[in-house]
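Worksheet for the structure shown next.
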Amino acid sequence: MEIINDQEAIKRLKVARRIAVLTGAGISVESGIPPFRGEEGLWTKLSPLELASFEAFYTNPARVSEWYQHRRNIIEKSSPNPGHLAIKKLEEIVPDFKLITQNVDGLHQRAGSTDVIELHGNIMENYCVCCNQHYSTSEFDEVFRHNSNHIPHCYCGGLIRPNVVWFGEPIPAENYEKAYHAAIQSEVFITVGTSAQVTPAADLPRYAKRNNSYLIEINPNHTAISDIVDLNLRGTSGTILPMFVKDYQEILSAD
Ligand code: OAD
């Protein structure tokens, strides 16, 4: 075993059929995408309420749209890292696997993961706040580029916004319901690269624990849920997750 030395963890992983994973911004750090909190975090340098709320968008649509275009450019140039690929591998070997993400970057899907439960939307998609017309990244680029004031308008006249969940907005009910069920039905629940400070996503590991799931945290730092998890695996997800998958395969094949 490379990193799983705990006997209880080995026992629980061996028999678990249902494993759920919740990822946060930390899993994409090794792909060059900055997280929200901590020294290099976006919210350490910028005000979330000036960039990630409907009020901010309505007050200054050009500024908010430019910031989202900037983030899209970074994401488009990035690639999934070994952490994303290890999660795709888990999907292949766990009998009933659920992946929940708070990330809007689509890197899990680009790594090959299917059925990703996106709690906070997807930054690559946009829609009109008036007529709900959806715009792909390239369609949005067209509108944005041909508009010198950088205020993206739909043909109906409405403003086009990114398909992400902003502060003060609810998670789409269908997605949260899927995530909630995945959490309470899991036998092992793994959090990866999340500070677990934003609810309701951060409630999911607590619901899982209340339903006797075994909690594992993969994170280089202490988080808001570190004290309730059963197994802390300290390190970056790009390093820890591939080792975790290797150990898990060994656990499954052992007599
Ligand atoms: P945060 O930025 O709050 O937390 C990132 C976590 O990743 C921290 O706990 C870091 O210790 C950890 N981390 C850093 N580098 C890592 C690495 N290489 N490998 C693994 N972990 C690493 O991000 P989230 O918890 O995802 O919401 O933030 C939750 C939500 O807050 C986001 O979805 C976003 C934000 O406001 C919305 O946009 C609605």
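Letters A, B, ... mark the chains of the structure tokens in the order given; residue numbers begin at 1 per chain; ligand numbers begin at 1, in order shown.
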
Dump the neighbourhood of ligand 1 as a PyMOL selection string: all residues within 9 Å, distances computed on only C-alpha atoms and all ligand atoms. chain A and resi 23-31+34-38+40-43+48+52+83+101-104+119-121+164-169+171+192-199+201-202+218-224+234-240

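If you count only C-alpha atoms and ignore residues fewer than 5 places along the chain from Asn149 of chain A, what sits within 10 Å of it is Pro61, Ala62, Arg63 and Phe144 of chain A.
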
Save out the residues we just selected, C-alpha atoms, as an mmCIF file, in the first residue's frame.
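Printed below is out-v2.cif as written:
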data_model
loop_
_atom_site.group_PDB
_atom_site.id
_atom_site.type_symbol
_atom_site.label_atom_id
_atom_site.label_comp_id
_atom_site.auth_asym_id
_atom_site.auth_seq_id
_atom_site.Cartn_x
_atom_site.Cartn_y
_atom_site.Cartn_z
ATOM 1 C CA PRO A 61 -22.388 43.486 -17.191
ATOM 2 C CA ALA A 62 -19.233 44.378 -19.153
ATOM 3 C CA ARG A 63 -16.925 43.959 -16.147
ATOM 4 C CA PHE A 144 -18.748 39.229 -27.328
#

Please return, as a list in words, all residues of segment 63-179 of chain A that DSSP assigns to strand (DSSP E or B) on the basis of the backbone.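 Taking segment 63-179 of chain A and keeping strand (DSSP E or B) only, one gets Asp96, Phe97, Lys98, Leu99, Ile100, Thr101, Val116, Ile117, Glu118, Gly121, Asn122, Ile123, Met124, Glu125, Asn126, Tyr127, Cys128, His134, Tyr135, His153, Leu159, Ile160, Arg161, Pro162, Asn163, Val164 and Phe167 of chain A.
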
List the neighbours of segment 125-129 of chain A out to 8 Å using only C-alpha atoms; skip same-chain residues closer than 5 positions along the sequence, and give me the result as a PyMOL selection string. chain A and resi 134-137+140+153-154+158-163

Let me see the file: selected residues, C-alpha atoms, as a JSON list (two decimals), in the first residue's frame.
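Output below, filename part-v4.json:
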[["chain", "number", "residue", "atom", "x", "y", "z"],
["A", 134, "HIS", "CA", -28.56, 29.04, -24.70],
["A", 135, "TYR", "CA", -25.21, 30.05, -26.19],
["A", 136, "SER", "CA", -22.23, 27.73, -26.60],
["A", 137, "THR", "CA", -18.75, 29.15, -25.96],
["A", 140, "PHE", "CA", -20.96, 33.61, -27.09],
["A", 153, "HIS", "CA", -26.92, 41.01, -25.70],
["A", 154, "CYS", "CA", -29.13, 38.26, -27.04],
["A", 158, "GLY", "CA", -31.82, 40.49, -23.05],
["A", 159, "LEU", "CA", -28.46, 40.16, -21.34],
["A", 160, "ILE", "CA", -26.51, 36.93, -21.78],
["A", 161, "ARG", "CA", -25.02, 35.53, -18.58],
["A", 162, "PRO", "CA", -22.78, 32.57, -17.74],
["A", 163, "ASN", "CA", -24.55, 29.38, -16.70]]

Could you name the residues that touch Leu99 of chain A at 9 Å or less, counting only C-alpha atoms, but leaving out those on the same chain fewer than 5 positions away, as a ChimeraX atom specification? /A:19-23,87,91,113-118,179,182

Based on DSSP run over this structure's backbone, return all residues of segment 108-230 of chain A in helix (DSSP H, G or I), as a ChimeraX atom specification. /A:108-110,137-145,173-185,203-210,226-228

Please produce a file of the residues just selected, as an mmCIF file, in the first residue's frame, where the atoms kept are N, CA and C atoms.
data_model
loop_
_atom_site.group_PDB
_atom_site.id
_atom_site.type_symbol
_atom_site.label_atom_id
_atom_site.label_comp_id
_atom_site.auth_asym_id
_atom_site.auth_seq_id
_atom_site.Cartn_x
_atom_site.Cartn_y
_atom_site.Cartn_z
ATOM 1 N N HIS A 108 -13.511 17.505 -15.450
ATOM 2 C CA HIS A 108 -13.848 16.089 -15.231
ATOM 3 C C HIS A 108 -14.370 15.460 -16.529
ATOM 4 N N GLN A 109 -15.248 16.199 -17.208
ATOM 5 C CA GLN A 109 -15.801 15.668 -18.463
ATOM 6 C C GLN A 109 -14.688 15.521 -19.496
ATOM 7 N N ARG A 110 -13.767 16.483 -19.533
ATOM 8 C CA ARG A 110 -12.664 16.383 -20.501
ATOM 9 C C ARG A 110 -11.723 15.232 -20.159
ATOM 10 N N THR A 137 -19.901 28.245 -26.101
ATOM 11 C CA THR A 137 -18.750 29.153 -25.960
ATOM 12 C C THR A 137 -18.482 29.890 -27.263
ATOM 13 N N SER A 138 -18.515 29.157 -28.388
ATOM 14 C CA SER A 138 -18.170 29.822 -29.651
ATOM 15 C C SER A 138 -19.257 30.826 -30.056
ATOM 16 N N GLU A 139 -20.516 30.485 -29.801
ATOM 17 C CA GLU A 139 -21.594 31.441 -30.117
ATOM 18 C C GLU A 139 -21.453 32.700 -29.254
ATOM 19 N N PHE A 140 -21.118 32.468 -27.990
ATOM 20 C CA PHE A 140 -20.956 33.611 -27.088
ATOM 21 C C PHE A 140 -19.766 34.466 -27.525
ATOM 22 N N ASP A 141 -18.670 33.801 -27.917
ATOM 23 C CA ASP A 141 -17.478 34.526 -28.389
ATOM 24 C C ASP A 141 -17.833 35.474 -29.523
ATOM 25 N N GLU A 142 -18.657 34.978 -30.453
ATOM 26 C CA GLU A 142 -19.084 35.789 -31.595
ATOM 27 C C GLU A 142 -19.754 37.072 -31.112
ATOM 28 N N VAL A 143 -20.731 36.902 -30.203
ATOM 29 C CA VAL A 143 -21.482 38.051 -29.690
ATOM 30 C C VAL A 143 -20.529 39.009 -28.979
ATOM 31 N N PHE A 144 -19.642 38.426 -28.165
ATOM 32 C CA PHE A 144 -18.748 39.229 -27.328
ATOM 33 C C PHE A 144 -17.773 40.028 -28.200
ATOM 34 N N ARG A 145 -17.214 39.342 -29.202
ATOM 35 C CA ARG A 145 -16.203 39.974 -30.044
ATOM 36 C C ARG A 145 -16.786 41.106 -30.892
ATOM 37 N N ALA A 173 -32.398 22.471 -8.430
ATOM 38 C CA ALA A 173 -32.933 21.472 -7.487
ATOM 39 C C ALA A 173 -32.618 20.040 -7.915
ATOM 40 N N GLU A 174 -32.738 19.778 -9.217
ATOM 41 C CA GLU A 174 -32.532 18.405 -9.709
ATOM 42 C C GLU A 174 -31.098 17.934 -9.417
ATOM 43 N N ASN A 175 -30.147 18.847 -9.595
ATOM 44 C CA ASN A 175 -28.738 18.488 -9.353
ATOM 45 C C ASN A 175 -28.474 18.280 -7.871
ATOM 46 N N TYR A 176 -29.065 19.155 -7.050
ATOM 47 C CA TYR A 176 -28.815 18.995 -5.615
ATOM 48 C C TYR A 176 -29.443 17.704 -5.095
ATOM 49 N N GLU A 177 -30.609 17.394 -5.637
ATOM 50 C CA GLU A 177 -31.287 16.165 -5.202
ATOM 51 C C GLU A 177 -30.421 14.940 -5.536
ATOM 52 N N LYS A 178 -29.866 14.939 -6.737
ATOM 53 C CA LYS A 178 -28.992 13.815 -7.136
ATOM 54 C C LYS A 178 -27.786 13.731 -6.198
ATOM 55 N N ALA A 179 -27.216 14.895 -5.880
ATOM 56 C CA ALA A 179 -26.019 14.925 -5.020
ATOM 57 C C ALA A 179 -26.375 14.462 -3.610
ATOM 58 N N TYR A 180 -27.507 14.906 -3.138
ATOM 59 C CA TYR A 180 -27.950 14.538 -1.780
ATOM 60 C C TYR A 180 -28.128 13.020 -1.690
ATOM 61 N N HIS A 181 -28.800 12.451 -2.690
ATOM 62 C CA HIS A 181 -29.014 10.991 -2.675
ATOM 63 C C HIS A 181 -27.690 10.238 -2.780
ATOM 64 N N ALA A 182 -26.813 10.744 -3.622
ATOM 65 C CA ALA A 182 -25.486 10.101 -3.746
ATOM 66 C C ALA A 182 -24.774 10.119 -2.398
ATOM 67 N N ALA A 183 -24.906 11.226 -1.671
ATOM 68 C CA ALA A 183 -24.218 11.347 -0.374
ATOM 69 C C ALA A 183 -24.826 10.403 0.661
ATOM 70 N N ILE A 184 -26.139 10.425 0.790
ATOM 71 C CA ILE A 184 -26.733 9.620 1.884
ATOM 72 C C ILE A 184 -26.699 8.118 1.569
ATOM 73 N N GLN A 185 -26.603 7.776 0.279
ATOM 74 C CA GLN A 185 -26.555 6.346 -0.062
ATOM 75 C C GLN A 185 -25.128 5.802 -0.136
ATOM 76 N N ASP A 203 -22.509 20.671 3.042
ATOM 77 C CA ASP A 203 -23.339 19.828 3.925
ATOM 78 C C ASP A 203 -23.286 18.359 3.502
ATOM 79 N N LEU A 204 -22.936 18.109 2.244
ATOM 80 C CA LEU A 204 -23.021 16.735 1.717
ATOM 81 C C LEU A 204 -22.176 15.736 2.509
ATOM 82 N N PRO A 205 -20.895 16.061 2.804
ATOM 83 C CA PRO A 205 -20.135 15.080 3.618
ATOM 84 C C PRO A 205 -20.759 14.858 4.989
ATOM 85 N N ARG A 206 -21.373 15.889 5.537
ATOM 86 C CA ARG A 206 -22.005 15.735 6.866
ATOM 87 C C ARG A 206 -23.224 14.812 6.773
ATOM 88 N N TYR A 207 -24.012 14.974 5.711
ATOM 89 C CA TYR A 207 -25.160 14.062 5.510
ATOM 90 C C TYR A 207 -24.666 12.632 5.324
ATOM 91 N N ALA A 208 -23.600 12.497 4.570
ATOM 92 C CA ALA A 208 -23.053 11.154 4.316
ATOM 93 C C ALA A 208 -22.646 10.514 5.638
ATOM 94 N N LYS A 209 -21.932 11.281 6.447
ATOM 95 C CA LYS A 209 -21.432 10.775 7.727
ATOM 96 C C LYS A 209 -22.601 10.362 8.638
ATOM 97 N N ARG A 210 -23.628 11.198 8.655
ATOM 98 C CA ARG A 210 -24.798 10.903 9.486
ATOM 99 C C ARG A 210 -25.451 9.576 9.067
ATOM 100 N N SER A 226 -12.253 18.702 8.257
ATOM 101 C CA SER A 226 -11.153 17.783 8.600
ATOM 102 C C SER A 226 -11.398 17.047 9.915
ATOM 103 N N ASP A 227 -12.010 17.741 10.870
ATOM 104 C CA ASP A 227 -12.177 17.120 12.191
ATOM 105 C C ASP A 227 -13.242 16.023 12.221
ATOM 106 N N ILE A 228 -14.109 15.985 11.215
ATOM 107 C CA ILE A 228 -15.137 14.927 11.242
ATOM 108 C C ILE A 228 -14.816 13.780 10.277
#

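Nearest residue to Glu92 of chain A, choosing from A:Ile151, A:Val245, A:Ile4, A:Ala254 and counting only C-alpha atoms: A:Val245.
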